[in-house]
$ cat entry.tsv   # TSV, C-alpha atoms
chain	number	residue	atom	x	y	z
G	17	MET	CA	-8.27	13.86	-30.50
G	18	SER	CA	-9.35	16.73	-28.30
G	19	THR	CA	-8.76	16.70	-24.57
G	20	THR	CA	-12.32	17.88	-24.04
G	21	ALA	CA	-15.23	15.50	-23.84
G	22	SER	CA	-15.68	13.16	-26.78
G	23	THR	CA	-18.91	13.31	-28.75
G	24	SER	CA	-19.13	9.54	-28.71
G	25	GLU	CA	-21.71	8.06	-26.40
G	26	SER	CA	-20.40	5.80	-23.67
G	27	ARG	CA	-20.95	2.09	-24.15
G	28	GLY	CA	-24.58	1.35	-23.38
G	29	THR	CA	-24.98	4.62	-21.46
G	30	ALA	CA	-27.62	7.23	-22.18
G	31	VAL	CA	-26.16	10.70	-22.46
G	32	ASP	CA	-27.65	13.11	-19.94
G	33	GLY	CA	-26.53	16.30	-18.24
G	34	PRO	CA	-23.10	15.95	-16.62
G	35	VAL	CA	-22.83	14.92	-12.98
G	36	PHE	CA	-19.42	16.52	-12.65
G	37	SER	CA	-18.29	19.33	-14.92
G	38	VAL	CA	-14.66	20.41	-14.68
G	39	ASP	CA	-13.22	23.38	-16.57
G	40	GLY	CA	-9.70	24.77	-16.54
G	41	LEU	CA	-8.77	22.99	-13.31
G	42	TRP	CA	-5.33	23.60	-11.77
G	43	LYS	CA	-3.68	22.33	-8.62
G	44	VAL	CA	-0.28	23.86	-7.94
G	45	PHE	CA	1.82	23.07	-4.88
G	46	GLY	CA	4.42	25.55	-3.72
G	47	PRO	CA	4.97	29.23	-2.89
G	48	LYS	CA	2.48	31.70	-4.36
G	49	ALA	CA	0.82	28.87	-6.26
G	50	ASP	CA	-2.06	30.96	-7.56
G	51	ARG	CA	0.24	33.05	-9.78
G	52	ILE	CA	1.01	30.05	-12.05
G	53	PRO	CA	-2.39	29.61	-13.77
G	54	ALA	CA	-2.71	33.38	-14.18
G	55	ASP	CA	0.67	33.84	-15.90
G	56	PRO	CA	0.68	32.85	-19.60
G	57	GLU	CA	4.44	32.33	-19.59
G	58	LEU	CA	4.65	30.25	-16.41
G	59	LYS	CA	1.68	28.02	-17.14
G	60	GLY	CA	3.18	27.03	-20.46
G	61	LEU	CA	6.43	25.74	-18.95
G	62	ALA	CA	7.30	22.06	-18.75
G	63	SER	CA	7.03	20.61	-15.23
G	64	ALA	CA	10.78	20.44	-14.58
G	65	GLU	CA	11.37	24.00	-15.77
G	66	LEU	CA	8.44	25.31	-13.73
G	67	ARG	CA	9.89	23.74	-10.57
G	68	ALA	CA	13.33	25.15	-11.33
G	69	ARG	CA	12.05	28.70	-11.90
G	70	THR	CA	9.34	28.97	-9.26
G	71	GLY	CA	9.72	26.13	-6.75
G	72	CYS	CA	6.17	25.08	-7.62
G	73	THR	CA	4.80	21.76	-8.85
G	74	ALA	CA	1.72	21.83	-11.09
G	75	ALA	CA	0.10	18.48	-10.28
G	76	VAL	CA	-3.02	19.25	-12.34
G	77	GLN	CA	-2.75	21.62	-15.28
G	78	ASP	CA	-5.69	23.15	-17.12
G	79	VAL	CA	-7.87	20.01	-17.11
G	80	SER	CA	-11.42	20.09	-18.48
G	81	PHE	CA	-13.97	17.28	-18.81
G	82	ASP	CA	-17.56	16.28	-18.02
G	83	VAL	CA	-18.63	13.08	-16.27
G	84	ARG	CA	-21.95	11.96	-17.71
G	85	LYS	CA	-24.72	10.46	-15.66
G	86	GLY	CA	-24.47	6.69	-15.53
G	87	GLU	CA	-21.01	6.30	-17.06
G	88	VAL	CA	-17.75	4.88	-15.76
G	89	PHE	CA	-15.24	7.66	-16.34
G	90	VAL	CA	-11.66	6.46	-15.91
G	91	VAL	CA	-8.69	8.74	-15.23
G	92	MET	CA	-5.52	6.85	-16.05
G	93	GLY	CA	-1.84	7.67	-15.87
G	94	LEU	CA	1.49	6.62	-14.50
G	95	SER	CA	2.71	7.53	-11.03
G	96	GLY	CA	3.05	11.30	-10.73
G	97	SER	CA	0.69	12.06	-13.60
G	98	GLY	CA	-1.76	13.92	-11.30
G	99	LYS	CA	-4.68	11.52	-11.43
G	100	SER	CA	-5.12	11.02	-7.66
G	101	THR	CA	-4.76	14.75	-7.02
G	102	LEU	CA	-7.40	15.36	-9.64
G	103	VAL	CA	-10.02	13.05	-8.08
G	104	ARG	CA	-9.40	14.57	-4.64
G	105	CYS	CA	-10.01	18.02	-6.07
G	106	LEU	CA	-13.51	16.99	-7.17
G	107	THR	CA	-14.75	17.04	-3.57
G	108	ARG	CA	-12.09	19.45	-2.30
G	109	LEU	CA	-10.25	16.91	-0.23
G	110	ILE	CA	-7.46	18.85	-1.93
G	111	GLU	CA	-8.23	22.51	-2.60
G	112	PRO	CA	-7.88	23.44	-6.29
G	113	THR	CA	-5.73	26.42	-7.22
G	114	ALA	CA	-7.85	27.61	-10.15
G	115	GLY	CA	-10.68	26.52	-12.42
G	116	THR	CA	-14.27	25.45	-11.88
G	117	ILE	CA	-15.87	22.24	-10.58
G	118	ALA	CA	-19.62	21.74	-10.60
G	119	ILE	CA	-21.80	18.83	-9.49
G	120	ASP	CA	-25.25	18.95	-11.08
G	121	GLY	CA	-24.51	22.59	-11.90
G	122	GLU	CA	-23.64	23.54	-8.31
G	123	ASP	CA	-20.29	25.25	-7.81
G	124	VAL	CA	-18.19	22.96	-5.60
G	125	ARG	CA	-15.54	25.61	-4.99
G	126	ALA	CA	-18.19	27.96	-3.56
G	127	MET	CA	-19.51	25.40	-1.06
G	128	ASP	CA	-19.15	26.21	2.63
G	129	LYS	CA	-18.05	23.55	5.15
G	130	SER	CA	-21.58	22.34	5.78
G	131	ARG	CA	-22.35	21.94	2.10
G	132	LEU	CA	-19.02	20.17	1.55
G	133	ARG	CA	-19.84	17.66	4.29
G	134	GLU	CA	-23.16	16.98	2.62
G	135	LEU	CA	-21.38	16.49	-0.73
G	136	ARG	CA	-18.92	13.98	0.72
G	137	ARG	CA	-21.46	12.11	2.85
G	138	HIS	CA	-24.38	11.89	0.46
G	139	ARG	CA	-23.47	12.74	-3.11
G	140	ALA	CA	-19.91	11.60	-3.85
G	141	ALA	CA	-18.50	8.65	-1.88
G	142	MET	CA	-14.81	7.78	-2.10
G	143	VAL	CA	-13.34	4.27	-2.19
G	144	PHE	CA	-9.62	4.36	-1.40
G	145	GLN	CA	-6.77	1.93	-2.01
G	146	HIS	CA	-6.29	1.69	1.75
G	147	PHE	CA	-9.52	0.37	3.14
G	148	GLY	CA	-9.58	2.41	6.37
G	149	LEU	CA	-11.83	-0.10	8.10
G	150	LEU	CA	-12.46	0.23	11.82
G	151	PRO	CA	-10.74	-2.86	13.32
G	152	HIS	CA	-12.96	-3.09	16.41
G	153	ARG	CA	-16.19	-3.08	14.39
G	154	THR	CA	-17.87	-5.93	12.56
G	155	VAL	CA	-18.33	-5.99	8.80
G	156	LEU	CA	-21.94	-4.91	9.23
G	157	ASP	CA	-21.07	-1.99	11.50
G	158	ASN	CA	-18.22	-0.89	9.22
G	159	VAL	CA	-20.62	-0.81	6.28
G	160	ALA	CA	-23.19	1.10	8.36
G	161	TYR	CA	-20.64	3.67	9.55
G	162	GLY	CA	-21.43	6.28	6.94
G	163	LEU	CA	-25.14	5.98	7.71
G	164	GLU	CA	-24.35	6.40	11.39
G	165	ILE	CA	-22.54	9.65	10.63
G	166	GLN	CA	-25.58	10.78	8.67
G	167	GLY	CA	-27.76	10.22	11.76
G	168	VAL	CA	-29.72	7.24	10.42
G	169	GLY	CA	-31.31	5.19	13.22
G	170	LYS	CA	-29.63	1.95	14.28
G	171	SER	CA	-32.23	-0.51	13.00
G	172	GLU	CA	-32.57	1.22	9.65
G	173	ARG	CA	-28.84	1.58	9.05
G	174	ARG	CA	-28.17	-2.04	9.96
G	175	ALA	CA	-30.93	-3.21	7.62
G	176	ARG	CA	-29.57	-1.08	4.78
G	177	ALA	CA	-26.04	-2.23	5.52
G	178	ALA	CA	-27.13	-5.88	5.42
G	179	ASP	CA	-28.65	-5.38	1.97
G	180	VAL	CA	-25.43	-3.88	0.64
G	181	VAL	CA	-23.26	-6.56	2.28
G	182	ALA	CA	-25.24	-9.16	0.33
G	183	LYS	CA	-24.95	-7.11	-2.84
G	184	VAL	CA	-21.13	-7.20	-2.76
G	185	GLY	CA	-20.98	-10.92	-2.02
G	186	LEU	CA	-20.24	-10.90	1.71
G	187	GLU	CA	-23.46	-12.44	2.99
G	188	GLY	CA	-22.73	-14.60	6.02
G	189	MET	CA	-19.70	-12.53	7.04
G	190	GLU	CA	-21.61	-9.72	8.73
G	191	GLN	CA	-20.20	-10.42	12.21
G	192	ARG	CA	-16.57	-10.91	11.24
G	193	ARG	CA	-13.90	-8.34	12.09
G	194	PRO	CA	-11.64	-6.86	9.38
G	195	SER	CA	-8.69	-8.94	10.65
G	196	GLN	CA	-10.65	-12.08	9.79
G	197	LEU	CA	-11.03	-11.08	6.13
G	198	SER	CA	-8.79	-11.40	3.08
G	199	GLY	CA	-7.62	-8.31	1.23
G	200	GLY	CA	-10.30	-8.71	-1.40
G	201	GLN	CA	-12.99	-9.15	1.22
G	202	GLN	CA	-11.80	-6.03	3.03
G	203	GLN	CA	-12.02	-4.08	-0.22
G	204	ARG	CA	-15.56	-5.36	-0.70
G	205	VAL	CA	-16.38	-3.95	2.75
G	206	GLY	CA	-14.93	-0.60	1.66
G	207	LEU	CA	-17.04	-0.70	-1.50
G	208	ALA	CA	-20.15	-1.66	0.49
G	209	ARG	CA	-19.58	1.20	2.94
G	210	ALA	CA	-19.53	3.65	0.02
G	211	LEU	CA	-22.61	2.09	-1.59
G	212	ALA	CA	-24.58	2.11	1.68
G	213	VAL	CA	-24.98	5.88	1.67
G	214	ASP	CA	-26.49	5.60	-1.84
G	215	PRO	CA	-24.22	8.24	-3.39
G	216	GLN	CA	-24.90	9.94	-6.66
G	217	VAL	CA	-21.37	9.13	-7.81
G	218	LEU	CA	-18.68	6.71	-6.61
G	219	LEU	CA	-15.08	7.93	-6.70
G	220	PHE	CA	-12.45	5.16	-6.79
G	221	ASP	CA	-8.83	6.09	-6.11
G	222	GLU	CA	-6.77	3.09	-7.29
G	223	PRO	CA	-8.84	0.83	-5.04
G	224	PHE	CA	-7.48	-2.50	-6.29
G	225	SER	CA	-3.79	-1.76	-6.85
G	226	ALA	CA	-2.69	-3.48	-3.61
G	227	LEU	CA	-4.58	-6.69	-4.37
G	228	ASP	CA	-3.09	-9.77	-6.00
G	229	PRO	CA	-4.04	-10.28	-9.67
G	230	LEU	CA	-6.79	-12.85	-9.18
G	231	ILE	CA	-8.55	-10.88	-6.45
G	232	ARG	CA	-8.09	-7.71	-8.47
G	233	ARG	CA	-9.83	-9.30	-11.43
G	234	ASP	CA	-12.70	-10.40	-9.20
G	235	MET	CA	-13.10	-6.86	-7.89
G	236	GLN	CA	-13.08	-5.46	-11.42
G	237	GLU	CA	-15.85	-7.87	-12.31
G	238	GLU	CA	-17.72	-6.73	-9.21
G	239	VAL	CA	-17.55	-3.10	-10.37
G	240	VAL	CA	-18.72	-4.11	-13.85
G	241	ARG	CA	-21.62	-6.06	-12.35
G	242	LEU	CA	-22.69	-3.28	-10.00
G	243	HIS	CA	-22.55	-0.76	-12.81
G	244	ARG	CA	-24.57	-3.00	-15.10
G	245	GLU	CA	-27.22	-3.62	-12.42
G	246	GLU	CA	-27.43	-0.11	-10.94
G	247	GLY	CA	-26.15	2.23	-13.64
G	248	ARG	CA	-24.38	4.28	-10.98
G	249	THR	CA	-22.02	7.03	-12.09
G	250	MET	CA	-18.39	6.18	-11.31
G	251	VAL	CA	-15.06	7.99	-11.56
G	252	PHE	CA	-12.26	5.44	-11.44
G	253	ILE	CA	-8.57	6.25	-10.99
G	254	THR	CA	-5.97	3.71	-12.12
G	255	HIS	CA	-2.42	3.38	-13.42
G	256	ASP	CA	-3.29	0.10	-15.14
G	257	LEU	CA	-4.18	0.36	-18.83
G	258	ASN	CA	-5.92	-3.02	-18.97
G	259	GLU	CA	-8.07	-2.05	-15.99
G	260	ALA	CA	-8.94	1.26	-17.66
G	261	LEU	CA	-9.90	-0.44	-20.92
G	262	LYS	CA	-11.99	-3.05	-19.11
G	263	LEU	CA	-13.94	-0.64	-16.91
G	264	GLY	CA	-14.11	2.67	-18.73
G	265	ASP	CA	-16.87	4.01	-20.92
G	266	ARG	CA	-14.44	6.88	-21.50
G	267	ILE	CA	-10.83	7.31	-20.43
G	268	ALA	CA	-8.86	10.48	-19.69
G	269	LEU	CA	-5.17	9.65	-20.10
G	270	MET	CA	-2.95	11.97	-18.05
G	271	ARG	CA	0.72	12.88	-18.31
G	272	ASP	CA	2.53	15.48	-16.19
G	273	GLY	CA	-0.73	16.92	-14.88
G	274	ARG	CA	-2.42	17.29	-18.25
G	275	VAL	CA	-5.01	15.22	-20.09
G	276	VAL	CA	-3.31	14.17	-23.31
G	277	GLN	CA	-6.31	12.29	-24.70
G	278	LEU	CA	-9.93	11.76	-23.70
G	279	GLY	CA	-12.08	9.22	-25.48
G	280	THR	CA	-13.61	5.78	-25.51
G	281	PRO	CA	-11.28	2.79	-25.20
G	282	GLU	CA	-11.76	2.21	-28.91
G	283	GLU	CA	-10.80	5.79	-29.75
G	284	ILE	CA	-7.69	5.71	-27.61
G	285	VAL	CA	-6.46	2.36	-28.96
G	286	GLY	CA	-7.55	3.04	-32.55
G	287	SER	CA	-6.62	6.73	-32.84
G	288	PRO	CA	-3.83	7.64	-30.39
G	289	ALA	CA	-3.53	11.41	-30.03
G	290	ASP	CA	0.28	11.49	-30.01
G	291	ASP	CA	3.41	9.36	-29.76
G	292	TYR	CA	3.06	9.08	-25.97
G	293	VAL	CA	-0.43	7.56	-26.23
G	294	ARG	CA	0.65	5.44	-29.19
G	295	GLU	CA	3.47	3.94	-27.13
G	296	PHE	CA	1.14	3.47	-24.16
G	297	VAL	CA	-1.31	1.33	-26.16
G	298	ARG	CA	1.27	-0.37	-28.40
G	299	ASP	CA	0.92	-3.80	-26.80
G	300	VAL	CA	-2.87	-3.77	-26.40
G	301	PRO	CA	-4.54	-6.58	-28.40
G	302	ARG	CA	-6.54	-4.38	-30.76
G	303	GLU	CA	-9.04	-7.11	-31.57
G	304	GLN	CA	-10.17	-7.22	-27.94
G	305	VAL	CA	-10.89	-3.46	-27.79
G	306	MET	CA	-11.88	-2.42	-31.30
G	307	THR	CA	-15.46	-3.13	-32.38
G	308	VAL	CA	-17.07	-4.00	-35.68
G	309	ARG	CA	-17.96	-0.33	-36.17
G	310	THR	CA	-14.35	0.19	-37.18
G	311	ALA	CA	-14.35	-2.53	-39.82
G	312	MET	CA	-17.85	-2.48	-41.29
G	313	ARG	CA	-18.79	-1.32	-44.77
G	314	ALA	CA	-22.11	-0.69	-46.45
G	315	ALA	CA	-24.16	-3.82	-47.10
G	316	SER	CA	-25.39	-4.79	-50.52
G	317	ALA	CA	-29.03	-5.75	-50.92
G	318	ALA	CA	-28.11	-9.44	-50.93
G	319	GLU	CA	-25.91	-9.13	-47.84
G	320	GLN	CA	-28.62	-7.44	-45.75
G	321	GLY	CA	-30.57	-10.67	-45.46
G	322	SER	CA	-27.84	-13.24	-44.93
G	323	GLY	CA	-24.96	-14.04	-42.65
G	324	PRO	CA	-24.69	-13.99	-38.85
G	325	ALA	CA	-25.94	-10.88	-37.03
G	326	LEU	CA	-23.63	-8.95	-34.71
G	327	ALA	CA	-24.33	-6.00	-32.42
G	328	PRO	CA	-22.35	-2.81	-33.20
G	329	ASP	CA	-20.31	-3.14	-30.00
G	330	THR	CA	-19.17	-6.68	-30.81
G	331	THR	CA	-15.39	-6.89	-30.53
G	332	VAL	CA	-13.33	-7.66	-33.61
G	333	SER	CA	-12.10	-10.80	-31.86
G	334	ALA	CA	-15.64	-12.16	-31.47
G	335	ALA	CA	-16.54	-11.08	-35.01
G	336	ILE	CA	-13.57	-12.96	-36.50
G	337	GLU	CA	-14.83	-16.16	-34.84
G	338	ALA	CA	-18.39	-15.58	-36.09
G	339	VAL	CA	-17.28	-14.92	-39.67
G	340	ALA	CA	-14.93	-17.93	-39.64
G	341	ARG	CA	-17.72	-20.23	-38.43
G	342	ALA	CA	-20.22	-18.95	-41.00
G	343	GLY	CA	-17.82	-18.68	-43.93
G	344	VAL	CA	-19.61	-15.50	-45.08
G	345	PRO	CA	-19.57	-11.83	-44.02
G	346	ALA	CA	-21.52	-10.93	-40.88
G	347	ARG	CA	-24.23	-8.31	-40.68
G	348	VAL	CA	-23.96	-5.52	-38.12
G	349	VAL	CA	-27.48	-5.07	-36.77
G	350	ASP	CA	-28.58	-2.14	-34.61
G	351	GLU	CA	-32.16	-2.11	-33.27
G	352	GLY	CA	-33.29	-4.58	-35.92
G	353	ARG	CA	-31.72	-2.69	-38.83
G	354	CYS	CA	-28.68	-3.82	-40.81
G	355	VAL	CA	-26.21	-0.91	-40.65
G	356	GLY	CA	-23.30	-2.64	-42.41
G	357	VAL	CA	-21.34	-5.83	-42.92
G	358	VAL	CA	-17.90	-7.04	-41.91
G	359	ASP	CA	-15.75	-9.59	-43.69
G	360	SER	CA	-12.57	-11.38	-42.70
G	361	ASP	CA	-10.25	-9.09	-44.68
G	362	ALA	CA	-11.56	-5.95	-42.97
G	363	LEU	CA	-11.48	-7.56	-39.53
G	364	LEU	CA	-7.91	-8.76	-39.96
G	365	GLY	CA	-7.01	-5.26	-41.16
G	366	VAL	CA	-8.14	-3.91	-37.80
G	367	VAL	CA	-5.96	-6.43	-36.00
G	368	ALA	CA	-2.98	-5.38	-38.11
G	369	GLY	CA	-3.75	-1.68	-37.61
G	370	THR	CA	-4.30	-1.05	-41.32
G	371	ALA	CA	-8.05	-0.46	-41.20
G	372	LYS	CA	-9.62	2.97	-40.94
G	373	GLU	CA	-9.07	4.62	-37.59
G	374	ALA	CA	-11.78	4.67	-34.95
G	375	VAL	CA	-13.84	7.83	-35.01
$ encode --input "entry.tsv" --output "structure tokens"
Amino acid sequence: MSTTASTSESRGTAVDGPVFSVDGLWKVFGPKADRIPADPELKGLASAELRARTGCTAAVQDVSFDVRKGEVFVVMGLSGSGKSTLVRCLTRLIEPTAGTIAIDGEDVRAMDKSRLRELRRHRAAMVFQHFGLLPHRTVLDNVAYGLEIQGVGKSERRARAADVVAKVGLEGMEQRRPSQLSGGQQQRVGLARALAVDPQVLLFDEPFSALDPLIRRDMQEEVVRLHREEGRTMVFITHDLNEALKLGDRIALMRDGRVVQLGTPEEIVGSPADDYVREFVRDVPREQVMTVRTAMRAASAAEQGSGPALAPDTTVSAAIEAVARAGVPARVVDEGRCVGVVDSDALLGVVAGTAKEAV
């Protein structure tokens, strides 16, 4: 699997020109950092050896990808993999060392301070793990804060903020202070504040990692719902594989500053790029990620008109239940046309990992 953008379309997302386009991005910390990407010998060193020889740490190393309009693009990796540094480079909260970043074709690295402010205030809003709410302000005024910075009039910003507060499920709490809210409610305020400025893309930097599991699941569902209803482009940073698989149309898996695989959840679980990725996804229930595309075969003339109908993105788990109930193979139907069939043997082969790999 290449570390450049997959040719697969994201789940339910129309492919359009990229919102963000990143090419050959480096972020190196340390003395004379800019020499590392320019030196073929140094840039090929492992992280530990690079630190030993130069005193530099390459947090992001030669990363390239596009974020498509309307998709949830997840960057996932363990602590120290470079994922949070990477997302901060997109809006130059951290200055990149080398490479190119473009938003709608505009060179982010060439932006002056005024243009950067416009980017951060209007086009790419960040949602952080630490909510950063203003304790002396109400929920409504916290949500309206970004609009206030933009110079929006008081009545308009409060009306817009009220709409967004309702959208994230906090209606009736507009006059509460942050100290009167639970952790999940505070994170909803942070999300609402980002949404209020109507950004082109939402950037999430591990926003739910400090929440307890039940609240975290609720917030994940909130992101899924908002994406389904609005189709907003999102870049989501996480160290949690299950979260990545649940939210991502595509996932970039990072290790030691590099993207080791980029693909759909199905591609990453079904066709790991190397032993590191294979070990990462080893305990993932394949039947909950893999779809019937992986297991289907050509349908005979008789099979095209019988059996239950399944959409191509139906999970293997759901397909096994449908086939078991019907007692016959199921048809895979796309836009009214039968594109294949799946039977119990093929579906169980996917579960066991013996079926053809995802492509």
$ residues_around --input "entry.tsv" --residues "stretch 279-281 of chain G" --least-positions-apart "6" --cutoff "6 Å" --atoms "only C-alpha atoms" --output "PyMOL selection string"
chain G and resi 22+261+265-267
$ atom_distance --input "entry.tsv" --atom1 "atom CA of G:Arg204" --atom2 "atom CA of G:Lys170"
21.8 Å
$ atom_distance --input "entry.tsv" --atom1 "atom CA of G:Glu57" --atom2 "atom CA of G:Val44"
15.2 Å
$ closest_residue --input "entry.tsv" --among "G:Ala268, G:Asp82, G:Arg302, G:Ala342" --to "G:Ala289" --atoms "all atoms listed in the file"
G:Ala268
$ atom_distance --input "entry.tsv" --atom1 "atom CA of G:Gly321" --atom2 "atom CA of G:Cys354"
8.5 Å
$ residues_around --input "entry.tsv" --residues "G:Ala327" --least-positions-apart "6" --cutoff "7 Å" --atoms "only C-alpha atoms" --output "list in words"
Val348, Val349 and Asp350 of chain G
$ write_last_selection --input "entry.tsv" --atoms "C-alpha atoms" --output "compact mmCIF listing (two decimals), keeping the file's coordinate frame"
# COMPACT_ATOMS: atom_id res chain seq x y z
CA VAL G 348 -23.96 -5.52 -38.12
CA VAL G 349 -27.48 -5.07 -36.77
CA ASP G 350 -28.58 -2.14 -34.61
$ residues_around --input "entry.tsv" --residues "G:Ser316" --least-positions-apart "2" --cutoff "9 Å" --atoms "all atoms listed in the file" --output "JSON, numbers by chain"
{"G": [314, 318, 319, 320, 356, 357]}
$ closest_atom_pairs --input "entry.tsv" --of "stretch 134-176 of chain G" --to "stretch 214-234 of chain G" --cutoff "9 Å" --atoms "all atoms listed in the file" --output "CSV"
residue,atom,partner,partner_atom,distance
G:Arg136,CA,G:Pro215,CA,8.8
G:Arg137,CA,G:Pro215,CA,7.8
G:His138,CA,G:Pro215,CA,5.3
G:Arg139,CA,G:Pro215,CA,4.6
G:Ala140,CA,G:Val217,CA,4.9
G:Ala141,CA,G:Leu218,CA,5.1
G:Met142,CA,G:Leu219,CA,4.6
G:Val143,CA,G:Phe220,CA,4.8
G:Phe144,CA,G:Asp221,CA,5.1
G:Gln145,CA,G:Pro223,CA,3.8
G:His146,CA,G:Pro223,CA,7.3
G:Phe147,CA,G:Pro223,CA,8.2
$ closest_residue --input "entry.tsv" --among "G:Met189, G:Leu326, G:Met235, G:Ala362" --to "G:Arg347" --atoms "all atoms listed in the file"
G:Leu326
$ closest_residue --input "entry.tsv" --among "G:Leu102, G:Ala178, G:Leu156, G:Met127" --to "G:Val90" --atoms "only C-alpha atoms"
G:Leu102
$ closest_residue --input "entry.tsv" --among "G:Ala311, G:Val297, G:Ala334, G:Leu207" --to "G:Asp359" --atoms "all atoms listed in the file"
G:Ala311
$ closest_residue --input "entry.tsv" --among "G:Leu263, G:Ile253, G:Leu66, G:Val366" --to "G:Gly98" --atoms "all atoms listed in the file"
G:Ile253
$ closest_atom_pairs --input "entry.tsv" --of "stretch 269-349 of chain G" --to "stretch 91-97 of chain G" --cutoff "8 Å" --atoms "all atoms listed in the file" --output "JSON lines"
{"residue": "G:Leu269", "atom": "CA", "partner": "G:Met92", "partner_atom": "CA", "distance": 4.9}
{"residue": "G:Met270", "atom": "CA", "partner": "G:Gly93", "partner_atom": "CA", "distance": 4.9}
{"residue": "G:Arg271", "atom": "CA", "partner": "G:Ser97", "partner_atom": "CA", "distance": 4.8}
{"residue": "G:Asp272", "atom": "CA", "partner": "G:Ser97", "partner_atom": "CA", "distance": 4.7}
{"residue": "G:Gly273", "atom": "CA", "partner": "G:Ser97", "partner_atom": "CA", "distance": 5.2}
{"residue": "G:Arg274", "atom": "CA", "partner": "G:Ser97", "partner_atom": "CA", "distance": 7.7}
$ write_last_selection --input "entry.tsv" --atoms "C-alpha atoms" --output "short mmCIF file (atom, residue, chain, number, x, y, z; two decimals), keeping the file's coordinate frame"
data_model
loop_
_atom_site.label_atom_id
_atom_site.label_comp_id
_atom_site.auth_asym_id
_atom_site.auth_seq_id
_atom_site.Cartn_x
_atom_site.Cartn_y
_atom_site.Cartn_z
CA LEU G 269 -5.17 9.65 -20.10
CA MET G 270 -2.95 11.97 -18.05
CA ARG G 271 0.72 12.88 -18.31
CA ASP G 272 2.53 15.48 -16.19
CA GLY G 273 -0.73 16.92 -14.88
CA ARG G 274 -2.42 17.29 -18.25
#
$ closest_residue --input "entry.tsv" --among "G:Arg125, G:Arg209, G:Arg67, G:Arg133" --to "G:Leu149" --atoms "only C-alpha atoms"
G:Arg209
$ residues_around --input "entry.tsv" --residues "G:Glu282" --least-positions-apart "3" --cutoff "7 Å" --atoms "all atoms listed in the file" --output "PyMOL selection string"
chain G and resi 285-286+305-306+374
